[in-house]
$ cat start-v8.tsv   # TSV, C-alpha atoms and all ligand atoms
chain	number	residue	atom	x	y	z
A	207	MET	CA	-18.75	-60.25	-73.82
A	208	LYS	CA	-18.25	-64.02	-74.09
A	209	ILE	CA	-16.37	-65.69	-76.95
A	210	ASP	CA	-19.11	-66.87	-79.29
A	211	THR	CA	-18.72	-70.04	-81.38
A	212	SER	CA	-22.42	-70.40	-82.09
A	213	SER	CA	-22.64	-68.08	-85.13
A	214	THR	CA	-23.67	-69.86	-88.33
A	215	GLN	CA	-22.56	-67.00	-90.56
A	216	ASN	CA	-19.58	-67.67	-92.80
A	217	THR	CA	-16.71	-65.21	-93.04
A	218	ASN	CA	-18.03	-63.60	-96.24
A	219	GLN	CA	-21.32	-62.89	-94.53
A	220	LEU	CA	-19.49	-61.53	-91.52
A	221	VAL	CA	-17.28	-59.22	-93.56
A	222	SER	CA	-20.26	-57.89	-95.50
A	223	GLN	CA	-21.66	-56.64	-92.18
A	224	ARG	CA	-18.32	-55.51	-90.75
A	225	ARG	CA	-18.22	-52.00	-89.29
A	226	VAL	CA	-16.04	-50.05	-86.88
A	227	ILE	CA	-18.78	-50.27	-84.23
A	228	ASN	CA	-22.21	-51.87	-83.88
A	229	ALA	CA	-21.58	-54.82	-86.22
A	230	PRO	CA	-22.39	-58.37	-85.13
A	231	ALA	CA	-19.66	-59.28	-82.64
A	232	ASP	CA	-16.97	-61.43	-84.27
A	233	THR	CA	-15.32	-62.66	-81.13
A	234	MET	CA	-13.36	-65.26	-83.14
A	235	LEU	CA	-11.52	-62.40	-84.92
A	236	GLN	CA	-11.98	-63.86	-88.42
A	237	LEU	CA	-9.83	-61.37	-90.25
A	238	LEU	CA	-10.09	-62.56	-93.83
A	239	PRO	CA	-11.21	-61.26	-96.17
A	240	TYR	CA	-10.18	-57.81	-94.95
A	241	LYS	CA	-12.69	-55.01	-95.25
A	242	TYR	CA	-10.27	-52.24	-94.28
A	243	LEU	CA	-7.54	-52.84	-96.83
A	244	TRP	CA	-5.09	-50.47	-95.13
A	245	ALA	CA	-5.12	-52.58	-91.96
A	246	PRO	CA	-2.52	-55.30	-92.78
A	247	GLU	CA	-0.03	-52.75	-94.10
A	248	PHE	CA	-0.60	-50.60	-91.08
A	249	PHE	CA	0.12	-53.54	-88.82
A	250	ASP	CA	3.38	-54.21	-90.72
A	251	LYS	CA	4.36	-50.58	-90.31
A	252	MET	CA	3.72	-50.67	-86.58
A	253	TYR	CA	5.72	-53.86	-86.28
A	254	ALA	CA	8.60	-52.33	-88.27
A	255	ASN	CA	8.73	-49.54	-85.68
A	256	SER	CA	9.31	-52.06	-82.86
A	257	TRP	CA	11.83	-51.07	-80.23
A	258	HIS	CA	12.58	-51.66	-76.56
A	259	PRO	CA	13.63	-49.03	-74.02
A	260	ALA	CA	16.66	-51.11	-72.99
A	261	GLU	CA	18.14	-50.34	-76.43
A	262	ILE	CA	18.67	-46.75	-75.31
A	263	ASN	CA	21.67	-46.28	-73.05
A	264	LEU	CA	20.92	-43.52	-70.57
A	265	ASN	CA	24.23	-43.65	-68.68
A	266	GLU	CA	25.57	-40.46	-70.26
A	267	ASP	CA	22.30	-38.66	-69.55
A	268	ALA	CA	22.45	-39.85	-65.94
A	269	ALA	CA	25.91	-38.30	-65.63
A	270	VAL	CA	24.65	-35.04	-67.12
A	271	TRP	CA	21.65	-35.05	-64.78
A	272	LYS	CA	23.81	-35.63	-61.73
A	273	GLY	CA	26.45	-33.10	-62.86
A	274	SER	CA	26.33	-29.33	-63.17
A	275	ALA	CA	25.69	-28.87	-66.90
A	276	LEU	CA	21.95	-28.28	-66.54
A	277	THR	CA	20.47	-25.05	-65.20
A	278	ASP	CA	17.69	-25.18	-62.60
A	279	GLN	CA	15.22	-24.06	-65.26
A	280	GLU	CA	16.34	-26.83	-67.62
A	281	ARG	CA	15.90	-29.41	-64.87
A	282	GLU	CA	12.42	-28.12	-64.12
A	283	VAL	CA	11.50	-28.17	-67.82
A	284	PHE	CA	12.73	-31.74	-68.12
A	285	LEU	CA	10.88	-32.93	-65.02
A	286	ARG	CA	7.60	-31.25	-65.89
A	287	SER	CA	7.72	-32.55	-69.45
A	288	LEU	CA	8.51	-36.06	-68.29
A	289	ALA	CA	5.73	-35.90	-65.68
A	290	PHE	CA	3.16	-35.01	-68.29
A	291	VAL	CA	4.15	-37.48	-71.00
A	292	SER	CA	4.34	-40.26	-68.45
A	293	ASN	CA	0.84	-39.43	-67.18
A	294	LEU	CA	-0.47	-39.20	-70.72
A	295	ASP	CA	0.83	-42.62	-71.72
A	296	THR	CA	-0.69	-44.25	-68.65
A	297	VAL	CA	-4.03	-42.57	-69.45
A	298	GLN	CA	-3.82	-43.82	-73.03
A	299	THR	CA	-2.93	-47.35	-71.96
A	300	TYR	CA	-5.95	-47.45	-69.65
A	301	SER	CA	-8.18	-45.80	-72.23
A	302	LEU	CA	-7.39	-48.26	-75.03
A	303	ALA	CA	-7.63	-51.28	-72.76
A	304	HIS	CA	-10.83	-50.42	-70.95
A	305	ALA	CA	-12.72	-47.70	-72.82
A	306	ILE	CA	-12.11	-48.11	-76.55
A	307	SER	CA	-11.07	-51.55	-77.79
A	308	LYS	CA	-14.09	-53.42	-76.43
A	309	HIS	CA	-16.55	-51.35	-78.49
A	310	ILE	CA	-14.76	-51.92	-81.82
A	311	THR	CA	-16.42	-54.67	-83.81
A	312	ALA	CA	-14.09	-54.78	-86.85
A	313	PRO	CA	-11.50	-57.46	-86.01
A	314	GLU	CA	-8.64	-56.00	-88.07
A	315	ILE	CA	-9.09	-52.62	-86.37
A	316	GLN	CA	-9.34	-54.24	-82.97
A	317	LEU	CA	-5.99	-55.99	-83.57
A	318	LEU	CA	-4.39	-52.71	-84.56
A	319	VAL	CA	-5.68	-51.05	-81.39
A	320	ILE	CA	-4.32	-53.94	-79.34
A	321	ARG	CA	-0.94	-53.50	-81.03
A	322	GLN	CA	-1.18	-49.80	-80.23
A	323	LEU	CA	-1.89	-50.73	-76.61
A	324	PHE	CA	1.29	-52.83	-76.56
A	325	GLU	CA	3.28	-49.84	-77.80
A	326	GLU	CA	1.79	-47.67	-75.05
A	327	THR	CA	3.06	-50.16	-72.48
A	328	ILE	CA	6.54	-49.78	-74.01
A	329	HIS	CA	6.23	-46.03	-73.50
A	330	VAL	CA	5.15	-46.45	-69.89
A	331	LEU	CA	8.20	-48.66	-69.34
A	332	SER	CA	10.45	-46.12	-71.07
A	333	TYR	CA	9.55	-43.44	-68.55
A	334	THR	CA	10.10	-45.95	-65.76
A	335	GLN	CA	13.59	-46.54	-67.13
A	336	MET	CA	14.26	-42.80	-67.26
A	337	ILE	CA	13.09	-42.33	-63.67
A	338	GLU	CA	15.22	-45.23	-62.44
A	339	LEU	CA	18.41	-44.56	-64.39
A	340	LEU	CA	18.44	-40.82	-63.88
A	341	GLY	CA	17.71	-41.33	-60.20
A	342	LEU	CA	14.50	-39.25	-60.18
A	343	ASP	CA	11.88	-39.24	-57.44
A	344	PRO	CA	8.85	-41.17	-58.83
A	345	GLU	CA	6.48	-38.89	-56.91
A	346	ASN	CA	8.02	-35.92	-58.71
A	347	THR	CA	7.05	-37.41	-62.08
A	348	TYR	CA	4.09	-39.81	-61.74
A	349	GLY	CA	2.54	-37.83	-58.89
A	350	ARG	CA	3.35	-34.31	-59.98
A	351	TYR	CA	-0.24	-33.68	-61.12
A	352	ARG	CA	-1.22	-33.75	-57.45
A	353	HIS	CA	0.70	-30.52	-56.89
A	354	ASP	CA	0.82	-28.92	-60.35
A	355	GLN	CA	-2.53	-27.31	-61.18
A	356	ALA	CA	-1.76	-26.65	-64.88
A	357	LEU	CA	-0.86	-30.31	-65.27
A	358	LYS	CA	-4.02	-31.44	-63.48
A	359	ARG	CA	-6.25	-29.17	-65.59
A	360	LYS	CA	-4.84	-30.63	-68.75
A	361	LEU	CA	-5.16	-34.21	-67.54
A	362	ASP	CA	-8.75	-33.70	-66.38
A	363	HIS	CA	-9.70	-32.28	-69.76
A	364	ILE	CA	-8.21	-35.25	-71.59
A	365	CYS	CA	-9.82	-37.78	-69.27
A	366	GLU	CA	-13.37	-36.40	-69.46
A	367	PRO	CA	-14.48	-38.07	-72.75
A	368	ILE	CA	-12.60	-41.24	-71.75
A	369	ASN	CA	-14.39	-41.38	-68.41
A	370	ALA	CA	-17.74	-41.00	-70.22
A	371	LEU	CA	-16.98	-44.32	-71.94
A	372	LEU	CA	-15.86	-45.92	-68.70
A	373	ASP	CA	-19.34	-45.55	-67.22
A	374	PRO	CA	-20.28	-49.24	-66.73
A	375	ASN	CA	-23.66	-48.59	-68.37
A	376	PHE	CA	-22.15	-47.12	-71.54
A	377	LYS	CA	-22.62	-49.00	-74.78
A	378	THR	CA	-22.73	-47.92	-78.40
A	379	GLY	CA	-25.91	-48.27	-80.44
A	380	SER	CA	-28.02	-45.16	-79.95
A	381	PHE	CA	-27.35	-41.98	-81.91
A	382	GLU	CA	-26.19	-40.16	-78.77
A	383	ASP	CA	-23.91	-42.95	-77.60
A	384	ASN	CA	-22.41	-43.43	-81.07
A	385	GLN	CA	-21.62	-39.71	-81.13
A	386	LYS	CA	-20.12	-40.02	-77.65
A	387	PHE	CA	-17.83	-42.79	-78.89
A	388	LEU	CA	-16.86	-40.77	-81.96
A	389	GLU	CA	-16.10	-37.79	-79.73
A	390	ALA	CA	-13.86	-39.99	-77.58
A	391	LEU	CA	-11.98	-41.07	-80.74
A	392	VAL	CA	-11.47	-37.48	-81.85
A	393	ASN	CA	-10.27	-36.71	-78.34
A	394	ASN	CA	-7.90	-39.64	-78.76
A	395	ILE	CA	-6.47	-38.03	-81.90
A	396	LEU	CA	-5.81	-34.92	-79.80
A	397	LEU	CA	-4.17	-37.03	-77.12
A	398	GLU	CA	-1.88	-38.65	-79.69
A	399	GLY	CA	-1.46	-35.66	-81.96
A	400	VAL	CA	-1.54	-32.44	-79.91
A	401	PHE	CA	-1.24	-33.00	-76.18
A	402	PHE	CA	2.19	-34.65	-76.17
A	403	TYR	CA	3.89	-32.04	-78.22
A	404	SER	CA	4.82	-29.07	-76.05
A	405	SER	CA	6.51	-31.62	-73.79
A	406	PHE	CA	8.21	-33.53	-76.62
A	407	ILE	CA	9.64	-30.30	-77.99
A	408	MET	CA	11.42	-29.58	-74.72
A	409	PHE	CA	13.42	-32.82	-74.86
A	410	TYR	CA	14.46	-31.96	-78.42
A	411	ALA	CA	15.35	-28.39	-77.46
A	412	LEU	CA	17.65	-29.69	-74.72
A	413	ALA	CA	19.25	-32.16	-77.13
A	414	ARG	CA	19.82	-29.43	-79.74
A	415	ASN	CA	21.86	-27.76	-77.02
A	416	ASN	CA	23.79	-30.99	-76.50
A	417	LYS	CA	22.00	-31.94	-73.26
A	418	MET	CA	20.23	-35.20	-72.37
A	419	LEU	CA	20.77	-36.56	-75.88
A	420	ASN	CA	19.65	-40.13	-75.34
A	421	SER	CA	16.52	-39.09	-73.47
A	422	ALA	CA	15.63	-37.15	-76.61
A	423	ARG	CA	16.38	-40.25	-78.68
A	424	MET	CA	13.96	-42.27	-76.59
A	425	ILE	CA	11.34	-39.54	-76.81
A	426	GLY	CA	11.86	-39.47	-80.59
A	427	LEU	CA	10.96	-43.17	-80.79
A	428	ILE	CA	7.90	-42.58	-78.63
A	429	ASN	CA	6.98	-39.60	-80.81
A	430	ARG	CA	7.21	-41.73	-83.94
A	431	ASP	CA	4.84	-44.27	-82.38
A	432	GLU	CA	2.40	-41.57	-81.28
A	433	ALA	CA	2.38	-40.12	-84.78
A	434	THR	CA	1.55	-43.57	-86.13
A	435	HIS	CA	-1.22	-43.95	-83.55
A	436	CYS	CA	-2.59	-40.57	-84.53
A	437	GLY	CA	-2.71	-41.80	-88.13
A	438	LEU	CA	-4.45	-45.02	-87.07
A	439	ILE	CA	-7.16	-43.32	-85.03
A	440	THR	CA	-7.66	-40.83	-87.86
A	441	LEU	CA	-8.33	-43.72	-90.25
A	442	VAL	CA	-10.75	-45.23	-87.73
A	443	VAL	CA	-12.61	-41.93	-87.25
A	444	ASN	CA	-12.96	-41.42	-91.00
A	445	ALA	CA	-14.13	-45.00	-91.52
A	446	MET	CA	-16.68	-44.60	-88.73
A	447	VAL	CA	-17.96	-41.33	-90.20
A	448	ASP	CA	-18.23	-42.92	-93.66
A	449	GLU	CA	-20.25	-45.76	-92.17
A	450	ASN	CA	-22.39	-43.48	-90.00
A	451	PRO	CA	-22.70	-40.17	-91.88
A	452	GLU	CA	-25.76	-39.22	-89.82
A	453	LEU	CA	-23.45	-38.75	-86.80
A	454	TRP	CA	-21.32	-36.11	-88.51
A	455	THR	CA	-23.88	-33.31	-88.25
A	456	THR	CA	-23.01	-29.64	-88.65
A	457	GLU	CA	-23.49	-29.24	-84.89
A	458	PHE	CA	-21.24	-32.18	-84.12
A	459	GLN	CA	-18.54	-30.89	-86.46
A	460	ALA	CA	-18.71	-27.50	-84.71
A	461	LYS	CA	-18.41	-29.29	-81.37
A	462	MET	CA	-15.32	-31.17	-82.61
A	463	ILE	CA	-13.72	-27.94	-83.86
A	464	ASP	CA	-14.41	-26.37	-80.45
A	465	MET	CA	-12.83	-29.40	-78.78
A	466	VAL	CA	-9.71	-29.06	-80.93
A	467	LYS	CA	-9.50	-25.33	-80.19
A	468	ARG	CA	-9.92	-25.93	-76.46
A	469	ALA	CA	-7.19	-28.60	-76.61
A	470	THR	CA	-4.96	-26.18	-78.52
A	471	ASP	CA	-5.47	-23.45	-75.91
A	472	LEU	CA	-4.77	-25.86	-73.06
A	473	GLU	CA	-1.64	-27.20	-74.70
A	474	ILE	CA	-0.37	-23.68	-75.38
A	475	GLU	CA	-1.14	-22.70	-71.79
A	476	TRP	CA	0.82	-25.72	-70.61
A	477	GLY	CA	3.71	-25.04	-72.95
A	478	LYS	CA	3.96	-21.43	-71.77
A	479	ALA	CA	3.78	-22.55	-68.15
A	480	ILE	CA	6.76	-24.83	-68.76
A	481	ILE	CA	9.01	-22.35	-70.55
A	482	GLY	CA	8.21	-19.06	-68.84
A	483	ASN	CA	9.71	-16.31	-70.99
A	484	GLY	CA	11.48	-18.86	-73.12
A	485	ILE	CA	14.28	-21.40	-72.98
A	486	LEU	CA	16.65	-23.03	-75.47
A	487	GLY	CA	15.07	-21.39	-78.51
A	488	VAL	CA	11.50	-22.20	-77.53
A	489	ASN	CA	9.47	-19.11	-76.67
A	490	PRO	CA	5.77	-18.30	-76.11
A	491	GLU	CA	5.32	-17.23	-79.73
A	492	ASN	CA	6.85	-20.20	-81.51
A	493	ILE	CA	5.35	-22.80	-79.16
A	494	THR	CA	1.91	-21.25	-79.77
A	495	GLN	CA	2.48	-21.47	-83.51
A	496	TYR	CA	3.69	-25.06	-83.26
A	497	ILE	CA	0.61	-26.27	-81.38
A	498	GLN	CA	-1.69	-24.37	-83.74
A	499	PHE	CA	0.08	-25.96	-86.72
A	500	LEU	CA	-0.43	-29.42	-85.23
A	501	ALA	CA	-4.09	-28.71	-84.45
A	502	ASP	CA	-4.75	-27.65	-88.05
A	503	THR	CA	-3.05	-30.80	-89.31
A	504	ARG	CA	-5.32	-33.00	-87.17
A	505	LEU	CA	-8.43	-31.05	-88.24
A	506	VAL	CA	-7.69	-31.42	-91.94
A	507	ALA	CA	-7.02	-35.14	-91.47
A	508	ILE	CA	-10.58	-35.65	-90.23
A	509	ARG	CA	-11.99	-33.39	-92.96
A	510	LEU	CA	-12.58	-30.32	-90.82
A	511	PRO	CA	-11.38	-26.82	-91.74
A	512	ARG	CA	-8.11	-25.35	-90.54
A	513	GLN	CA	-8.47	-22.72	-87.84
A	514	TYR	CA	-5.01	-21.15	-87.63
A	515	TYR	CA	-3.21	-21.22	-91.01
A	516	VAL	CA	0.33	-21.18	-89.64
A	517	GLU	CA	3.56	-22.86	-90.71
A	518	ASN	CA	5.54	-25.33	-88.61
A	519	PRO	CA	8.12	-23.23	-86.73
A	520	PHE	CA	10.14	-26.31	-85.74
A	521	PRO	CA	10.79	-28.34	-88.91
A	522	TRP	CA	13.97	-29.68	-87.26
A	523	VAL	CA	11.80	-31.88	-85.00
A	524	ASP	CA	11.79	-34.44	-87.82
A	525	ASP	CA	15.52	-34.97	-87.22
A	526	PHE	CA	14.60	-36.53	-83.89
A	527	THR	CA	11.55	-38.53	-84.93
A	528	GLN	CA	12.41	-39.61	-88.50
A	529	ILE	CA	8.71	-39.25	-89.16
A	530	ASP	CA	9.12	-37.38	-92.39
A	531	GLN	CA	11.29	-39.96	-94.05
A	532	GLU	CA	9.67	-43.14	-92.79
A	533	LEU	CA	6.03	-42.46	-92.01
A	534	GLY	CA	5.67	-39.94	-94.79
A	535	ALA	CA	6.73	-42.42	-97.43
A	536	PHE	CA	4.53	-45.10	-95.93
A	537	PHE	CA	1.42	-42.94	-95.76
A	538	GLU	CA	2.01	-41.55	-99.22
A	539	THR	CA	1.96	-44.98	-100.84
A	540	THR	CA	-0.82	-46.22	-98.58
A	541	VAL	CA	-2.99	-43.28	-99.47
A	542	SER	CA	-2.66	-43.56	-103.15
A	543	ARG	CA	-3.54	-47.25	-103.03
A	544	TYR	CA	-6.35	-47.06	-100.52
A	545	SER	CA	-7.64	-43.59	-101.11
A	546	GLN	CA	-11.22	-44.76	-100.96
A	547	GLU	CA	-10.73	-46.11	-97.48
A	548	ALA	CA	-8.61	-43.20	-96.31
A	549	PRO	CA	-9.41	-40.16	-98.42
A	550	THR	CA	-7.97	-37.66	-95.98
A	551	PHE	CA	-4.45	-39.00	-96.33
A	552	GLU	CA	-4.36	-37.43	-99.78
A	553	GLN	CA	-4.59	-34.05	-98.12
A	554	SER	CA	-2.30	-34.64	-95.19
A	555	SER	CA	-0.10	-37.62	-95.89
A	556	LEU	CA	3.14	-35.96	-94.85
A	557	ASP	CA	2.02	-33.96	-91.89
A	558	TRP	CA	1.98	-36.43	-89.04
B	1	FE	FE	2.35	-43.63	-76.03
B	2	FE	FE	-0.05	-43.53	-78.56
$ encode --input "start-v8.tsv" --output "C-alpha cells" --more "lines below"
Ligand SMILES: [Fe+2]
Ligand SMILES: [Fe+2]
Amino acid sequence: MKIDTSSTQNTNQLVSQRRVINAPADTMLQLLPYKYLWAPEFFDKMYANSWHPAEINLNEDAAVWKGSALTDQEREVFLRSLAFVSNLDTVQTYSLAHAISKHITAPEIQLLVIRQLFEETIHVLSYTQMIELLGLDPENTYGRYRHDQALKRKLDHICEPINALLDPNFKTGSFEDNQKFLEALVNNILLEGVFFYSSFIMFYALARNNKMLNSARMIGLINRDEATHCGLITLVVNAMVDENPELWTTEFQAKMIDMVKRATDLEIEWGKAIIGNGILGVNPENITQYIQFLADTRLVAIRLPRQYYVENPFPWVDDFTQIDQELGAFFETTVSRYSQEAPTFEQSSLDW
C-alpha cells in the first residue's frame, strides 16, 4: 500500500470511520483524536517496561553452565526451553511484521503493534546473548526443531493460522477473510499467553533451586512483555468483535474454544516431554494444571467460557515477572476508566 496524501477527509471524519480492520486506510497515521482511548496509556506502559538484554549480566550463569552444578536433565530442560522460546519469538516477530500489522487500519493500534514488534526483536536478541555468553551451539537452539518432533509439531500448529495470512492473495474484507484474520489474532493470544509458559516455568524452577539465576531474570522481563502483548491483542480482538459482531457466531466461538483446547493439549504435551517424570518441583500434574489455568484466563478475557476451572499451581511465578504488582495495577485502573472499550478487563484484570 502506498502512502496516500490525496484524501480530502479531515481527521474527525477519519476517526468517525476508524476500525481495527477494513476502515479507509490512514497511511498518514493521524492519531488524534483517539478512538481507542486505552491506546496512549498502553503505549506508555509498554515504554515503561523498556529494557535491553545487555543490562543482564550472564557471567555467573556462564560459569554455572560450564561447571558441574547442573545435572544432565537440567541442561536438557534448559536447552529445550530456550530452543522453543527462541523459535516462538522469531515466529512472532515475522508474524507481526508481515502478517498482522499491514491489515490493521486503526493508526493507534498499528503503532502499538509496531512497538510490540520492537519488543519482540529485543527478545530475539536476548536469546542470541544467552547462546553467545553461555557458549551454546546455535544449531542446538535455533535449529533444534529440525530434530525434535514435539517441538516441530508445536511450531507447525502455531504457524498454520499465521501462514494463512501470509498467502500473497490474502486480504480482509469478506466475511470469511475477516474471520480468518480474527482467528489469527486469537491464535496470537495463545502464542503470547499459553505457548511460552511451560518453557518459562522451567527457567524459574531452575532459579528457585539457585541455578541460572540471571537467565531467569531475563526470561522474567520477556515474560512481562509477553503478558503485556497478550493484553494488547486481547483488547484488539474484543474491539474487532464489537465492531464486527456478525463474525462472532456460535460456530466461530466453538471453533475458538477448540483452538484453545488444542493449544492447551499441545502445550501440556510439550511440557511433559520436557520434564519427564518431573524435575525441580514441576511435575506432569502441576504443569497440566498451570497450562489449563492460563488457557481459562485467556478464554475469559475474550468473553468465552472457562473449560478447566483450576487454580494457578505456581503463584510464585509472579516473583520473577513482577506482573502482579505492575501490570495488575495498570490494568485495574485502565479497565475501570475504559471499561466500555475493554469490558473483559473487568473480569480478568489481574490474571495476565
Ligand atoms: Fe516476545
Ligand atoms: Fe510478544
$ closest_atom_pairs --input "start-v8.tsv" --of "stretch 460-533 of chain A" --to "stretch 425-444 of chain A" --cutoff "7 Å" --atoms "all atoms listed in the file" --output "Markdown table"
| residue | atom | partner | partner_atom | distance |
| --- | --- | --- | --- | --- |
| A:Ala507 | CA | A:Thr440 | CA | 6.8 |
| A:Ile508 | CA | A:Asn444 | CA | 6.3 |
| A:Phe526 | CA | A:Gly426 | CA | 5.2 |
| A:Thr527 | CA | A:Gly426 | CA | 4.5 |
| A:Ile529 | CA | A:Arg430 | CA | 6.0 |
$ residues_near_ligand --input "start-v8.tsv" --ligand "ligand FE 1 (chain B)" --cutoff "6 Å" --atoms "all atoms listed in the file" --output "list of chain:residue names"
A:Asp295, A:Glu326, A:His329, A:Glu432
$ residues_around --input "start-v8.tsv" --residues "stretch 351-363 of chain A" --least-positions-apart "2" --cutoff "9 Å" --atoms "all atoms listed in the file" --output "PyMOL selection string"
chain A and resi 286+289-290+293-294+297+346-349+365-367+401+469+472-473+475-476+479
$ residues_around --input "start-v8.tsv" --residues "stretch 211-225 of chain A" --least-positions-apart "3" --cutoff "10 Å" --atoms "all atoms listed in the file" --output "list of chain:residue names"
A:Lys208, A:Asn228, A:Ala229, A:Pro230, A:Ala231, A:Asp232, A:Thr233, A:Met234, A:Gln236, A:Leu237, A:Leu238, A:Pro239, A:Tyr240, A:Lys241, A:Tyr242, A:Ile310, A:Thr311, A:Ala312, A:Pro313, A:Ile315, A:Ala445, A:Met446, A:Glu449, A:Asn450
$ closest_residue --input "start-v8.tsv" --among "A:Phe381, A:Tyr333, A:Phe324, A:Tyr300" --to "A:Glu452" --atoms "all atoms listed in the file"
A:Phe381
$ residues_around --input "start-v8.tsv" --residues "A:Ser421" --least-positions-apart "5" --cutoff "12 Å" --atoms "only C-alpha atoms" --output "PyMOL selection string"
chain A and resi 259+261-268+270-271+284-285+287-288+332-333+335-337+339-340+406+408-414+416+426-428+526
$ atom_distance --input "start-v8.tsv" --atom1 "atom CA of A:Pro511" --atom2 "atom CA of A:Leu391"
18.0 Å
$ atom_distance --input "start-v8.tsv" --atom1 "atom CA of A:Gly477" --atom2 "atom CA of A:Glu398"
16.2 Å
$ atom_distance --input "start-v8.tsv" --atom1 "atom CA of A:Gln528" --atom2 "atom CA of A:Arg512"
25.1 Å
$ residues_near_point --input "start-v8.tsv" --point "(-22.8, -42.6, -77.5)" --cutoff "12 Å" --atoms "only C-alpha atoms" --output "ChimeraX atom specification"
/A:227-228,309,367-368,370-373,375-391,453
$ write_last_selection --input "start-v8.tsv" --atoms "C-alpha atoms" --output "PDB file, in the frame of the given file"
ATOM      1  CA  ILE A 227     -18.780 -50.270 -84.230  1.00  0.00           C
ATOM      2  CA  ASN A 228     -22.210 -51.870 -83.880  1.00  0.00           C
ATOM      3  CA  HIS A 309     -16.550 -51.350 -78.490  1.00  0.00           C
ATOM      4  CA  PRO A 367     -14.480 -38.070 -72.750  1.00  0.00           C
ATOM      5  CA  ILE A 368     -12.600 -41.240 -71.750  1.00  0.00           C
ATOM      6  CA  ALA A 370     -17.740 -41.000 -70.220  1.00  0.00           C
ATOM      7  CA  LEU A 371     -16.980 -44.320 -71.940  1.00  0.00           C
ATOM      8  CA  LEU A 372     -15.860 -45.920 -68.700  1.00  0.00           C
ATOM      9  CA  ASP A 373     -19.340 -45.550 -67.220  1.00  0.00           C
ATOM     10  CA  ASN A 375     -23.660 -48.590 -68.370  1.00  0.00           C
ATOM     11  CA  PHE A 376     -22.150 -47.120 -71.540  1.00  0.00           C
ATOM     12  CA  LYS A 377     -22.620 -49.000 -74.780  1.00  0.00           C
ATOM     13  CA  THR A 378     -22.730 -47.920 -78.400  1.00  0.00           C
ATOM     14  CA  GLY A 379     -25.910 -48.270 -80.440  1.00  0.00           C
ATOM     15  CA  SER A 380     -28.020 -45.160 -79.950  1.00  0.00           C
ATOM     16  CA  PHE A 381     -27.350 -41.980 -81.910  1.00  0.00           C
ATOM     17  CA  GLU A 382     -26.190 -40.160 -78.770  1.00  0.00           C
ATOM     18  CA  ASP A 383     -23.910 -42.950 -77.600  1.00  0.00           C
ATOM     19  CA  ASN A 384     -22.410 -43.430 -81.070  1.00  0.00           C
ATOM     20  CA  GLN A 385     -21.620 -39.710 -81.130  1.00  0.00           C
ATOM     21  CA  LYS A 386     -20.120 -40.020 -77.650  1.00  0.00           C
ATOM     22  CA  PHE A 387     -17.830 -42.790 -78.890  1.00  0.00           C
ATOM     23  CA  LEU A 388     -16.860 -40.770 -81.960  1.00  0.00           C
ATOM     24  CA  GLU A 389     -16.100 -37.790 -79.730  1.00  0.00           C
ATOM     25  CA  ALA A 390     -13.860 -39.990 -77.580  1.00  0.00           C
ATOM     26  CA  LEU A 391     -11.980 -41.070 -80.740  1.00  0.00           C
ATOM     27  CA  LEU A 453     -23.450 -38.750 -86.800  1.00  0.00           C
TER      28      LEU A 453
END
$ axis_aligned_box --input "start-v8.tsv" --around "stretch 377-384 of chain A" --padding-each-side "8 Å" --output "lines of an AutoDock Vina configuration file"
center_x = -25.2
center_y = -44.6
center_z = -78.3
size_x = 21.6
size_y = 24.8
size_z = 23.1
$ closest_residue --input "start-v8.tsv" --among "A:Val466, A:Ala269, A:Val506, A:Met252" --to "ligand FE 2 (chain B)" --atoms "only C-alpha atoms and all ligand atoms"
A:Met252
$ closest_residue --input "start-v8.tsv" --among "A:Lys272, A:Arg321, A:Lys251, A:His304" --to "ligand FE 2 (chain B)" --atoms "all atoms listed in the file"
A:Arg321
$ decode --input "start-v8.tsv" --residues "stretch 508-519 of chain A" --atoms "C-alpha atoms" --output "mmCIF file, in the first residue's frame"
data_model
loop_
_atom_site.group_PDB
_atom_site.id
_atom_site.type_symbol
_atom_site.label_atom_id
_atom_site.label_comp_id
_atom_site.auth_asym_id
_atom_site.auth_seq_id
_atom_site.Cartn_x
_atom_site.Cartn_y
_atom_site.Cartn_z
ATOM 1 C CA ILE A 508 -12.133 -12.762 25.128
ATOM 2 C CA ARG A 509 -15.556 -13.464 26.657
ATOM 3 C CA LEU A 510 -15.562 -17.223 26.168
ATOM 4 C CA PRO A 511 -16.366 -19.734 28.921
ATOM 5 C CA ARG A 512 -13.736 -21.390 31.069
ATOM 6 C CA GLN A 513 -13.075 -25.021 30.231
ATOM 7 C CA TYR A 514 -10.971 -26.267 33.143
ATOM 8 C CA TYR A 515 -11.816 -24.427 36.397
ATOM 9 C CA VAL A 516 -8.443 -24.911 38.076
ATOM 10 C CA GLU A 517 -6.312 -22.715 40.319
ATOM 11 C CA ASN A 518 -2.817 -21.472 39.494
ATOM 12 C CA PRO A 519 -0.435 -24.060 40.999
#
